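Below is coords_25.txt, holding compact mmCIF, C-alpha atoms.
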```
# COMPACT_ATOMS: atom_id res chain seq x y z
CA MET A 1 75.86 -18.97 17.82
CA SER A 2 73.66 -15.93 17.94
CA ARG A 3 72.38 -14.73 14.57
CA THR A 4 70.75 -11.45 13.55
CA VAL A 5 67.36 -12.22 12.00
CA LEU A 6 65.14 -9.69 10.27
CA TYR A 7 61.45 -10.35 10.95
CA MET A 8 59.13 -8.32 8.72
CA SER A 9 55.60 -8.58 7.36
CA MET A 10 55.65 -7.65 3.70
CA SER A 11 53.02 -7.46 0.97
CA LEU A 12 53.62 -9.42 -2.23
CA ASP A 13 54.50 -6.10 -3.87
CA GLY A 14 57.22 -5.47 -1.30
CA PHE A 15 55.70 -2.92 1.05
CA VAL A 16 56.05 -2.93 4.84
CA ALA A 17 53.90 0.16 5.37
CA GLY A 18 51.28 2.12 3.47
CA PRO A 19 51.73 5.70 2.27
CA ASN A 20 51.77 8.77 4.54
CA GLU A 21 53.74 7.23 7.40
CA GLY A 22 54.26 9.46 10.39
CA PRO A 23 54.67 9.45 14.17
CA ASP A 24 50.90 9.06 14.59
CA ASN A 25 50.56 6.75 11.59
CA GLY A 26 53.38 4.29 12.09
CA LEU A 27 52.20 1.74 9.53
CA GLY A 28 51.00 4.30 6.99
CA ASP A 29 47.54 4.38 5.45
CA GLY A 30 46.14 0.86 5.33
CA GLY A 31 49.42 -0.63 6.54
CA HIS A 32 47.67 -2.44 9.39
CA ARG A 33 46.60 -4.95 6.71
CA LEU A 34 50.11 -6.42 6.91
CA HIS A 35 49.72 -7.22 10.60
CA GLU A 36 46.33 -8.90 10.40
CA TRP A 37 47.94 -12.33 10.37
CA PHE A 38 49.03 -11.96 13.99
CA PHE A 39 46.45 -9.50 15.28
CA ALA A 40 43.50 -11.56 14.09
CA GLY A 41 42.99 -13.27 17.43
CA ALA A 42 44.16 -10.47 19.72
CA ASP A 43 41.96 -8.22 21.83
CA HIS A 44 44.35 -5.29 21.85
CA LYS A 45 46.64 -3.73 19.33
CA ASP A 46 49.69 -4.43 21.47
CA HIS A 47 51.85 -7.33 20.38
CA LYS A 48 52.35 -8.44 23.98
CA ASP A 49 48.68 -9.50 24.06
CA ILE A 50 49.39 -12.02 21.34
CA GLY A 51 50.55 -15.51 22.08
CA LYS A 52 47.59 -17.74 21.37
CA LEU A 53 48.12 -17.69 17.62
CA ALA A 54 47.32 -21.09 16.17
CA GLY A 55 49.44 -23.30 13.95
CA VAL A 56 52.33 -22.14 11.86
CA ASP A 57 51.61 -18.44 12.38
CA GLY A 58 51.89 -18.99 16.12
CA ASP A 59 55.11 -20.99 15.78
CA VAL A 60 56.76 -18.23 13.80
CA TRP A 61 55.48 -15.57 16.17
CA ASN A 62 56.79 -17.43 19.20
CA GLU A 63 60.15 -17.89 17.51
CA ALA A 64 60.46 -14.13 17.01
CA MET A 65 59.46 -13.57 20.63
CA SER A 66 62.12 -16.03 21.83
CA THR A 67 64.97 -13.83 20.68
CA GLY A 68 67.43 -12.47 23.23
CA ALA A 69 67.78 -8.90 22.00
CA VAL A 70 66.14 -6.43 19.61
CA VAL A 71 67.69 -4.08 17.06
CA CYS A 72 65.54 -1.57 15.24
CA GLY A 73 65.47 2.03 14.09
CA ARG A 74 64.04 4.96 15.95
CA GLY A 75 61.40 5.29 13.21
CA THR A 76 60.11 1.86 14.21
CA ALA A 77 60.42 2.25 17.99
CA GLU A 78 59.00 5.73 18.39
CA PRO A 79 55.54 5.20 16.81
CA ALA A 80 55.28 2.06 18.95
CA GLY A 81 55.96 4.11 22.09
CA PHE A 82 59.19 2.13 22.62
CA TRP A 83 56.86 -0.74 23.61
CA GLY A 84 56.62 0.80 27.04
CA GLY A 85 60.34 0.15 27.40
CA ASP A 86 60.03 -3.66 27.06
CA HIS A 87 59.66 -5.26 23.64
CA HIS A 88 59.37 -8.78 25.06
CA ASP A 89 60.59 -10.63 28.13
CA GLY A 90 62.81 -7.77 29.25
CA VAL A 91 65.47 -8.34 26.60
CA PRO A 92 67.83 -5.48 25.73
CA ILE A 93 66.76 -3.17 22.90
CA PHE A 94 69.27 -1.43 20.66
CA ILE A 95 67.90 1.50 18.73
CA LEU A 96 69.74 2.70 15.68
CA ASN A 97 69.77 6.45 15.73
CA ARG A 98 72.41 8.08 13.65
CA ASN A 99 72.06 11.64 14.90
CA GLU A 100 71.14 11.55 18.53
CA THR A 101 72.57 8.92 20.85
CA GLY A 102 71.86 8.66 24.51
CA ALA A 103 68.57 10.54 24.65
CA GLY A 104 65.87 8.44 26.25
CA THR A 105 68.08 5.86 27.87
CA ALA A 106 67.22 7.13 31.34
CA GLN A 107 63.50 6.67 30.71
CA TRP A 108 63.85 3.09 29.37
CA PRO A 109 66.57 1.11 31.15
CA LEU A 110 66.50 -1.70 28.57
CA VAL A 111 67.03 0.72 25.68
CA THR A 112 70.44 1.64 24.30
CA PHE A 113 70.86 4.10 21.43
CA VAL A 114 73.58 3.19 18.97
CA SER A 115 74.69 5.22 15.98
CA ASP A 116 76.41 2.51 13.92
CA VAL A 117 74.68 -0.58 12.59
CA LYS A 118 77.73 -2.83 13.00
CA VAL A 119 78.13 -1.77 16.60
CA ALA A 120 74.42 -2.29 17.20
CA MET A 121 74.55 -5.84 15.86
CA THR A 122 77.72 -6.73 17.71
CA GLU A 123 76.42 -5.40 21.02
CA ALA A 124 73.03 -7.04 20.53
CA LYS A 125 74.60 -10.43 19.81
CA ARG A 126 76.74 -10.10 22.91
CA ALA A 127 73.70 -9.14 25.00
CA ALA A 128 71.42 -11.86 23.61
CA GLY A 129 72.78 -14.61 25.83
CA GLY A 130 73.29 -17.07 23.01
CA LYS A 131 69.85 -16.47 21.52
CA ASN A 132 69.18 -14.83 18.18
CA VAL A 133 68.72 -11.10 17.70
CA LEU A 134 65.39 -9.82 16.37
CA VAL A 135 65.98 -7.13 13.75
CA HIS A 136 63.07 -4.95 12.70
CA GLY A 137 62.44 -2.04 10.36
CA ALA A 138 63.13 -1.31 6.71
CA GLY A 139 65.82 1.31 7.29
CA THR A 140 67.67 -0.93 9.72
CA ALA A 141 67.40 -3.86 7.31
CA GLN A 142 68.87 -1.83 4.48
CA LEU A 143 71.77 -0.57 6.59
CA ALA A 144 72.47 -4.05 7.95
CA LEU A 145 72.41 -5.64 4.50
CA ALA A 146 74.73 -2.98 3.12
CA ALA A 147 77.12 -3.45 6.04
CA GLY A 148 77.03 -7.24 5.76
CA VAL A 149 75.79 -7.74 9.31
CA LEU A 150 72.38 -9.31 8.66
CA ASP A 151 72.53 -13.11 9.01
CA GLU A 152 68.97 -14.21 8.21
CA ILE A 153 65.68 -12.89 6.84
CA GLU A 154 62.20 -14.05 7.82
CA ILE A 155 59.53 -12.53 5.61
CA HIS A 156 55.88 -12.92 6.52
CA LEU A 157 54.59 -12.62 2.96
CA VAL A 158 51.04 -11.29 3.10
CA PRO A 159 48.68 -12.07 0.19
CA VAL A 160 47.86 -8.50 -0.78
CA LEU A 161 49.15 -5.81 -3.12
CA LEU A 162 49.32 -2.54 -1.18
CA GLY A 163 50.05 -0.56 -4.34
CA GLN A 164 51.95 2.21 -2.60
CA GLY A 165 53.86 2.79 0.60
CA ARG A 166 57.27 2.08 2.02
CA ARG A 167 59.29 -0.75 0.51
CA LEU A 168 61.31 -3.13 2.63
CA PHE A 169 64.09 -3.57 0.08
CA ASP A 170 65.05 -0.21 -1.32
CA ASN A 171 68.15 1.93 -1.76
CA LEU A 172 70.36 -1.16 -2.01
CA ALA A 173 73.48 -1.29 -4.15
CA VAL A 174 73.41 -2.93 -7.56
CA GLU A 175 75.48 -5.89 -6.35
CA HIS A 176 73.41 -9.03 -5.89
CA ILE A 177 73.01 -10.42 -2.41
CA GLU A 178 72.53 -14.17 -2.68
CA LEU A 179 70.20 -15.86 -0.24
CA GLU A 180 69.63 -19.45 0.75
CA ARG A 181 66.00 -20.30 1.32
CA THR A 182 66.00 -22.42 4.45
CA ARG A 183 62.31 -22.72 5.32
CA VAL A 184 58.86 -22.06 3.88
CA LEU A 185 55.88 -22.27 6.24
CA ASP A 186 52.37 -21.84 4.92
CA GLY A 187 50.40 -19.99 7.58
CA ALA A 188 46.74 -19.05 7.60
CA GLY A 189 47.37 -15.36 7.09
CA ALA A 190 50.85 -15.24 5.59
CA THR A 191 53.51 -17.42 4.02
CA HIS A 192 56.61 -17.37 6.17
CA MET A 193 59.82 -17.43 4.11
CA HIS A 194 63.13 -17.89 5.85
CA TYR A 195 66.45 -17.09 4.18
CA ARG A 196 70.08 -17.17 5.15
CA VAL A 197 72.18 -14.33 3.74
CA ARG A 198 75.15 -15.82 1.88
CA ARG A 199 78.41 -14.00 2.44
CA MET B 1 36.97 -21.72 -17.66
CA SER B 2 40.03 -20.07 -19.08
CA ARG B 3 41.93 -17.84 -16.66
CA THR B 4 44.63 -15.24 -17.26
CA VAL B 5 47.71 -16.20 -15.24
CA LEU B 6 50.79 -14.03 -14.80
CA TYR B 7 53.98 -16.10 -14.72
CA MET B 8 57.03 -14.13 -13.61
CA SER B 9 60.38 -14.82 -11.98
CA MET B 10 60.97 -12.22 -9.29
CA SER B 11 63.76 -11.58 -6.80
CA LEU B 12 62.83 -11.34 -3.12
CA ASP B 13 63.25 -7.58 -3.45
CA GLY B 14 60.66 -7.46 -6.22
CA PHE B 15 62.72 -7.09 -9.38
CA VAL B 16 62.05 -8.87 -12.67
CA ALA B 17 65.03 -7.37 -14.48
CA GLY B 18 68.30 -5.71 -13.57
CA PRO B 19 69.16 -2.09 -14.37
CA ASN B 20 69.94 -0.76 -17.86
CA GLU B 21 67.32 -2.77 -19.72
CA GLY B 22 67.28 -2.29 -23.46
CA PRO B 23 66.55 -4.07 -26.75
CA ASP B 24 69.94 -5.82 -26.58
CA ASN B 25 69.77 -6.29 -22.81
CA GLY B 26 66.25 -7.59 -22.26
CA LEU B 27 66.76 -8.75 -18.68
CA GLY B 28 68.95 -5.81 -17.67
CA ASP B 29 72.39 -6.11 -16.07
CA GLY B 30 72.55 -9.33 -14.07
CA GLY B 31 68.87 -10.06 -14.68
CA HIS B 32 69.67 -13.52 -16.05
CA ARG B 33 70.09 -14.54 -12.40
CA LEU B 34 66.29 -14.66 -12.16
CA HIS B 35 66.06 -17.27 -14.90
CA GLU B 36 68.71 -19.63 -13.58
CA TRP B 37 66.08 -21.84 -11.99
CA PHE B 38 64.85 -23.00 -15.39
CA PHE B 39 67.96 -22.51 -17.49
CA ALA B 40 70.16 -24.52 -15.14
CA GLY B 41 69.77 -27.73 -17.12
CA ALA B 42 69.39 -26.25 -20.60
CA ASP B 43 72.03 -26.18 -23.31
CA HIS B 44 70.73 -23.07 -25.01
CA LYS B 45 69.30 -19.80 -23.82
CA ASP B 46 66.02 -20.44 -25.61
CA HIS B 47 63.13 -21.52 -23.42
CA LYS B 48 61.97 -24.03 -26.02
CA ASP B 49 65.06 -26.13 -25.26
CA ILE B 50 63.82 -26.59 -21.72
CA GLY B 51 61.51 -29.38 -20.72
CA LYS B 52 63.59 -31.81 -18.72
CA LEU B 53 63.46 -29.72 -15.57
CA ALA B 54 63.22 -31.99 -12.55
CA GLY B 55 60.71 -31.93 -9.72
CA VAL B 56 58.57 -29.01 -8.76
CA ASP B 57 60.41 -26.55 -10.99
CA GLY B 58 59.63 -28.77 -13.96
CA ASP B 59 55.98 -29.13 -12.99
CA VAL B 60 55.52 -25.39 -12.81
CA TRP B 61 57.39 -24.87 -16.06
CA ASN B 62 55.28 -27.44 -17.85
CA GLU B 63 52.13 -25.86 -16.48
CA ALA B 64 53.11 -22.51 -17.97
CA MET B 65 53.91 -24.18 -21.27
CA SER B 66 50.50 -25.89 -21.31
CA THR B 67 48.64 -22.60 -21.70
CA GLY B 68 46.54 -21.98 -24.78
CA ALA B 69 47.50 -18.39 -25.55
CA VAL B 70 50.06 -15.77 -24.57
CA VAL B 71 49.61 -12.09 -23.69
CA CYS B 72 52.63 -9.88 -23.18
CA GLY B 73 53.97 -6.44 -23.97
CA ARG B 74 56.12 -5.47 -26.91
CA GLY B 75 58.93 -4.71 -24.45
CA THR B 76 58.95 -8.39 -23.50
CA ALA B 77 58.44 -9.86 -26.95
CA GLU B 78 60.88 -7.74 -28.92
CA PRO B 79 64.09 -8.50 -26.97
CA ALA B 80 63.11 -12.19 -27.22
CA GLY B 81 62.85 -11.88 -31.01
CA PHE B 82 59.15 -12.67 -30.77
CA TRP B 83 60.30 -16.23 -29.97
CA GLY B 84 60.72 -16.78 -33.67
CA GLY B 85 56.99 -16.27 -34.01
CA ASP B 86 56.07 -19.25 -31.80
CA HIS B 87 56.19 -18.96 -28.00
CA HIS B 88 55.18 -22.58 -27.46
CA ASP B 89 53.13 -25.19 -29.31
CA GLY B 90 51.89 -22.74 -31.90
CA VAL B 91 49.45 -21.00 -29.57
CA PRO B 92 48.25 -17.51 -30.46
CA ILE B 93 50.27 -14.59 -29.09
CA PHE B 94 48.68 -11.25 -28.26
CA ILE B 95 51.11 -8.38 -27.92
CA LEU B 96 50.04 -5.30 -26.07
CA ASN B 97 51.25 -2.29 -27.97
CA ARG B 98 49.51 0.94 -27.24
CA ASN B 99 50.89 3.07 -30.04
CA GLU B 100 51.40 0.87 -33.04
CA THR B 101 48.96 -1.92 -33.85
CA GLY B 102 49.23 -4.19 -36.83
CA ALA B 103 52.92 -3.81 -37.57
CA GLY B 104 54.64 -7.17 -37.64
CA THR B 105 51.56 -9.34 -37.97
CA ALA B 106 52.48 -10.32 -41.51
CA GLN B 107 55.86 -11.61 -40.38
CA TRP B 108 54.49 -13.73 -37.51
CA PRO B 109 51.13 -15.33 -38.31
CA LEU B 110 50.49 -16.33 -34.68
CA VAL B 111 51.04 -12.77 -33.45
CA THR B 112 48.26 -10.20 -33.04
CA PHE B 113 48.93 -6.68 -31.82
CA VAL B 114 46.30 -5.28 -29.50
CA SER B 115 46.20 -1.78 -28.05
CA ASP B 116 43.87 -2.37 -25.07
CA VAL B 117 44.61 -4.76 -22.22
CA LYS B 118 40.97 -5.77 -21.74
CA VAL B 119 40.60 -6.58 -25.42
CA ALA B 120 43.87 -8.51 -25.33
CA MET B 121 42.71 -10.65 -22.41
CA THR B 122 39.25 -11.25 -23.85
CA GLU B 123 40.62 -12.26 -27.25
CA ALA B 124 43.31 -14.44 -25.69
CA LYS B 125 40.77 -16.29 -23.53
CA ARG B 126 38.60 -16.86 -26.57
CA ALA B 127 41.59 -18.14 -28.55
CA ALA B 128 42.97 -20.37 -25.78
CA GLY B 129 40.57 -23.25 -26.45
CA GLY B 130 39.54 -23.65 -22.85
CA LYS B 131 43.11 -23.53 -21.54
CA ASN B 132 44.57 -20.77 -19.43
CA VAL B 133 46.29 -17.71 -20.83
CA LEU B 134 49.95 -17.11 -20.01
CA VAL B 135 50.52 -13.45 -19.16
CA HIS B 136 54.07 -12.12 -19.09
CA GLY B 137 55.82 -8.83 -18.46
CA ALA B 138 55.75 -6.20 -15.73
CA GLY B 139 54.03 -3.50 -17.79
CA THR B 140 51.33 -5.90 -18.94
CA ALA B 141 50.83 -7.14 -15.38
CA GLN B 142 50.39 -3.60 -14.08
CA LEU B 143 47.88 -2.70 -16.80
CA ALA B 144 45.95 -5.95 -16.29
CA LEU B 145 45.80 -5.51 -12.52
CA ALA B 146 44.62 -1.92 -12.87
CA ALA B 147 41.96 -2.97 -15.38
CA GLY B 148 40.82 -5.92 -13.23
CA VAL B 149 41.50 -8.50 -15.93
CA LEU B 150 44.23 -10.55 -14.26
CA ASP B 151 42.83 -13.71 -12.68
CA GLU B 152 45.89 -15.37 -11.13
CA ILE B 153 49.54 -14.70 -10.30
CA GLU B 154 52.33 -17.26 -10.25
CA ILE B 155 55.55 -15.82 -8.85
CA HIS B 156 58.76 -17.78 -9.11
CA LEU B 157 60.40 -16.20 -6.07
CA VAL B 158 64.16 -16.36 -6.54
CA PRO B 159 66.39 -16.29 -3.42
CA VAL B 160 68.41 -13.22 -4.30
CA LEU B 161 68.31 -9.47 -3.75
CA LEU B 162 69.05 -7.75 -7.08
CA GLY B 163 69.27 -4.36 -5.39
CA GLN B 164 68.25 -2.38 -8.46
CA GLY B 165 66.35 -2.89 -11.68
CA ARG B 166 62.80 -3.04 -12.86
CA ARG B 167 60.10 -3.90 -10.32
CA LEU B 168 57.23 -6.21 -11.15
CA PHE B 169 54.71 -4.39 -8.98
CA ASP B 170 55.02 -0.67 -9.54
CA ASN B 171 52.85 2.28 -10.50
CA LEU B 172 49.79 0.66 -8.94
CA ALA B 173 47.01 2.66 -7.33
CA VAL B 174 46.84 3.01 -3.57
CA GLU B 175 43.82 0.72 -3.31
CA HIS B 176 44.69 -2.70 -1.96
CA ILE B 177 44.29 -5.70 -4.23
CA GLU B 178 43.54 -8.72 -2.09
CA LEU B 179 44.96 -12.06 -3.13
CA GLU B 180 44.21 -15.62 -2.14
CA ARG B 181 47.30 -17.78 -1.88
CA THR B 182 46.31 -21.05 -3.53
CA ARG B 183 49.62 -22.91 -3.79
CA VAL B 184 53.20 -22.81 -2.56
CA LEU B 185 55.71 -25.14 -4.20
CA ASP B 186 59.26 -25.29 -2.96
CA GLY B 187 61.49 -25.78 -6.00
CA ALA B 188 65.23 -26.24 -6.14
CA GLY B 189 65.90 -22.82 -7.60
CA ALA B 190 62.81 -20.83 -6.70
CA THR B 191 59.74 -20.93 -4.49
CA HIS B 192 56.64 -20.94 -6.66
CA MET B 193 53.81 -18.91 -5.15
CA HIS B 194 50.37 -19.05 -6.73
CA TYR B 195 47.68 -16.49 -5.99
CA ARG B 196 44.15 -15.84 -7.12
CA VAL B 197 43.23 -12.17 -7.51
CA ARG B 198 40.10 -11.47 -5.42
CA ARG B 199 37.58 -9.23 -7.14
```
Would you mind writing the file's structure down as structure tokens?
Amino acid sequence: MSRTVLYMSMSLDGFVAGPNEGPDNGLGDGGHRLHEWFFAGADHKDHKDIGKLAGVDGDVWNEAMSTGAVVCGRGTAEPAGFWGGDHHDGVPIFILNRNETGAGTAQWPLVTFVSDVKVAMTEAKRAAGGKNVLVHGAGTAQLALAAGVLDEIEIHLVPVLLGQGRRLFDNLAVEHIELERTRVLDGAGATHMHYRVRR
Amino acid sequence: MSRTVLYMSMSLDGFVAGPNEGPDNGLGDGGHRLHEWFFAGADHKDHKDIGKLAGVDGDVWNEAMSTGAVVCGRGTAEPAGFWGGDHHDGVPIFILNRNETGAGTAQWPLVTFVSDVKVAMTEAKRAAGGKNVLVHGAGTAQLALAAGVLDEIEIHLVPVLLGQGRRLFDNLAVEHIELERTRVLDGAGATHMHYRVRR
């Protein structure tokens, strides 16, 4: 059965981007540090040039790139230039965009704008052809957790304290969300922690 | 050589206590969840009753309890009743207390109040008899990191999202602090991550 899996690189102090994020500064000041574990061997700063990552880091990367659909927020997709309309392997991309649906769909045939996180996850699972759904972005993660539609979490825990920036887990309710740790993989540049969300 | 090692249980979303912390609510609402990994087999809610923890969790616990001195903040020590004056094995306890030094030393002979984090770490290393120094508490960790006097970090990463509470890593400067991940141990109730602070 298809599952929605959040893949995010996070510093030990919980940040997924540095301070001063913006359209031209998608990872915030110094936030590129969090992506060094997979960009280390790449010539270009485009994730589609990656694929020769060694060992555990490569296994985890390839797993993420084997998903059958993508769900993320506009704040993640836009600074990345919508990945030229193709995140990986031509899979459908669902972009969570609460205020403005539809815009841009003509330009990127694989892209669908969805205003509700539950709808986004349901449609993405249906479109994923039995594969998992790659979920990306802090805002999307928070909405999905709150709505109970995130199935799994894969954190690439990077050995650095960023000090300031944007936190992955923020604005959540006071109720605990129990997780089951299902895998720990010790990569060269990050420790990959996999959790199932208990519901 | 003696090293200062922070030992803290932390939720995946970075909290070391729930909300509404206070003298009578030292771990905040629901914060006890973070200590279940070592209290699971204990009869009493006093850490000195622990010691029969199985496997990896027990190894890590025993390591922490093999330290030769303790440094923590008053906000950690006071709700714990100063551990009856003896944290473990009669080792010296240095309590960071910026505003009020000296008070309480008569009552607890092992306890010394220190107003400066560098002095606290230096004195604790000297007093530890060649063993490591156990550092505890979010405020103390933040001060020690900022002052460059924290040598290592052991995080007991608990598979839960608390949602709200007190964060371990907060109020840090924007400069990155690079870490070297030196050990990952997969315990029954927590994943134990050990880091060396690069300086």
Residues of chain A were defined as contacting chain B if any atom lay at most 7 Å from it, counting only C-alpha atoms; please report them as a PDB file with C-alpha atoms, keeping the file's coordinate frame.
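Saved file iface_20.pdb follows:
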```pdb
ATOM      1  CA  ASP A  13      54.500  -6.100  -3.870  1.00  0.00           C
ATOM      2  CA  GLY A  14      57.220  -5.470  -1.300  1.00  0.00           C
ATOM      3  CA  PRO A 159      48.680 -12.070   0.190  1.00  0.00           C
ATOM      4  CA  VAL A 160      47.860  -8.500  -0.780  1.00  0.00           C
ATOM      5  CA  LEU A 161      49.150  -5.810  -3.120  1.00  0.00           C
ATOM      6  CA  LEU A 162      49.320  -2.540  -1.180  1.00  0.00           C
ATOM      7  CA  GLY A 163      50.050  -0.560  -4.340  1.00  0.00           C
ATOM      8  CA  GLN A 164      51.950   2.210  -2.600  1.00  0.00           C
ATOM      9  CA  PHE A 169      64.090  -3.570   0.080  1.00  0.00           C
ATOM     10  CA  LEU A 172      70.360  -1.160  -2.010  1.00  0.00           C
ATOM     11  CA  ALA A 173      73.480  -1.290  -4.150  1.00  0.00           C
ATOM     12  CA  VAL A 174      73.410  -2.930  -7.560  1.00  0.00           C
ATOM     13  CA  GLU A 175      75.480  -5.890  -6.350  1.00  0.00           C
ATOM     14  CA  HIS A 176      73.410  -9.030  -5.890  1.00  0.00           C
ATOM     15  CA  ILE A 177      73.010 -10.420  -2.410  1.00  0.00           C
ATOM     16  CA  GLU A 178      72.530 -14.170  -2.680  1.00  0.00           C
ATOM     17  CA  LEU A 179      70.200 -15.860  -0.240  1.00  0.00           C
ATOM     18  CA  GLU A 180      69.630 -19.450   0.750  1.00  0.00           C
ATOM     19  CA  ARG A 181      66.000 -20.300   1.320  1.00  0.00           C
TER      20      ARG A 181
END
```
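Here CA of Phe38 in chain B stands at a distance of 27.5 Å from CA of Val149 in chain B.
Counting from CA of Arg98 in chain A, the distance to CA of Phe113 in chain A is 8.9 Å.
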For CA of Gly90 in chain A and CA of Gly55 in chain A, determine how far apart the two atoms are, in Å to one decimal place. 25.6 Å
Find the residues near Thr4 in chain B: any atom within 8 Å, counting only C-alpha atoms, skip ones fewer than 4 places away on the same chain, and give them as a VMD selection string. chain B and resid 121 125 132 to 135 149 to 152
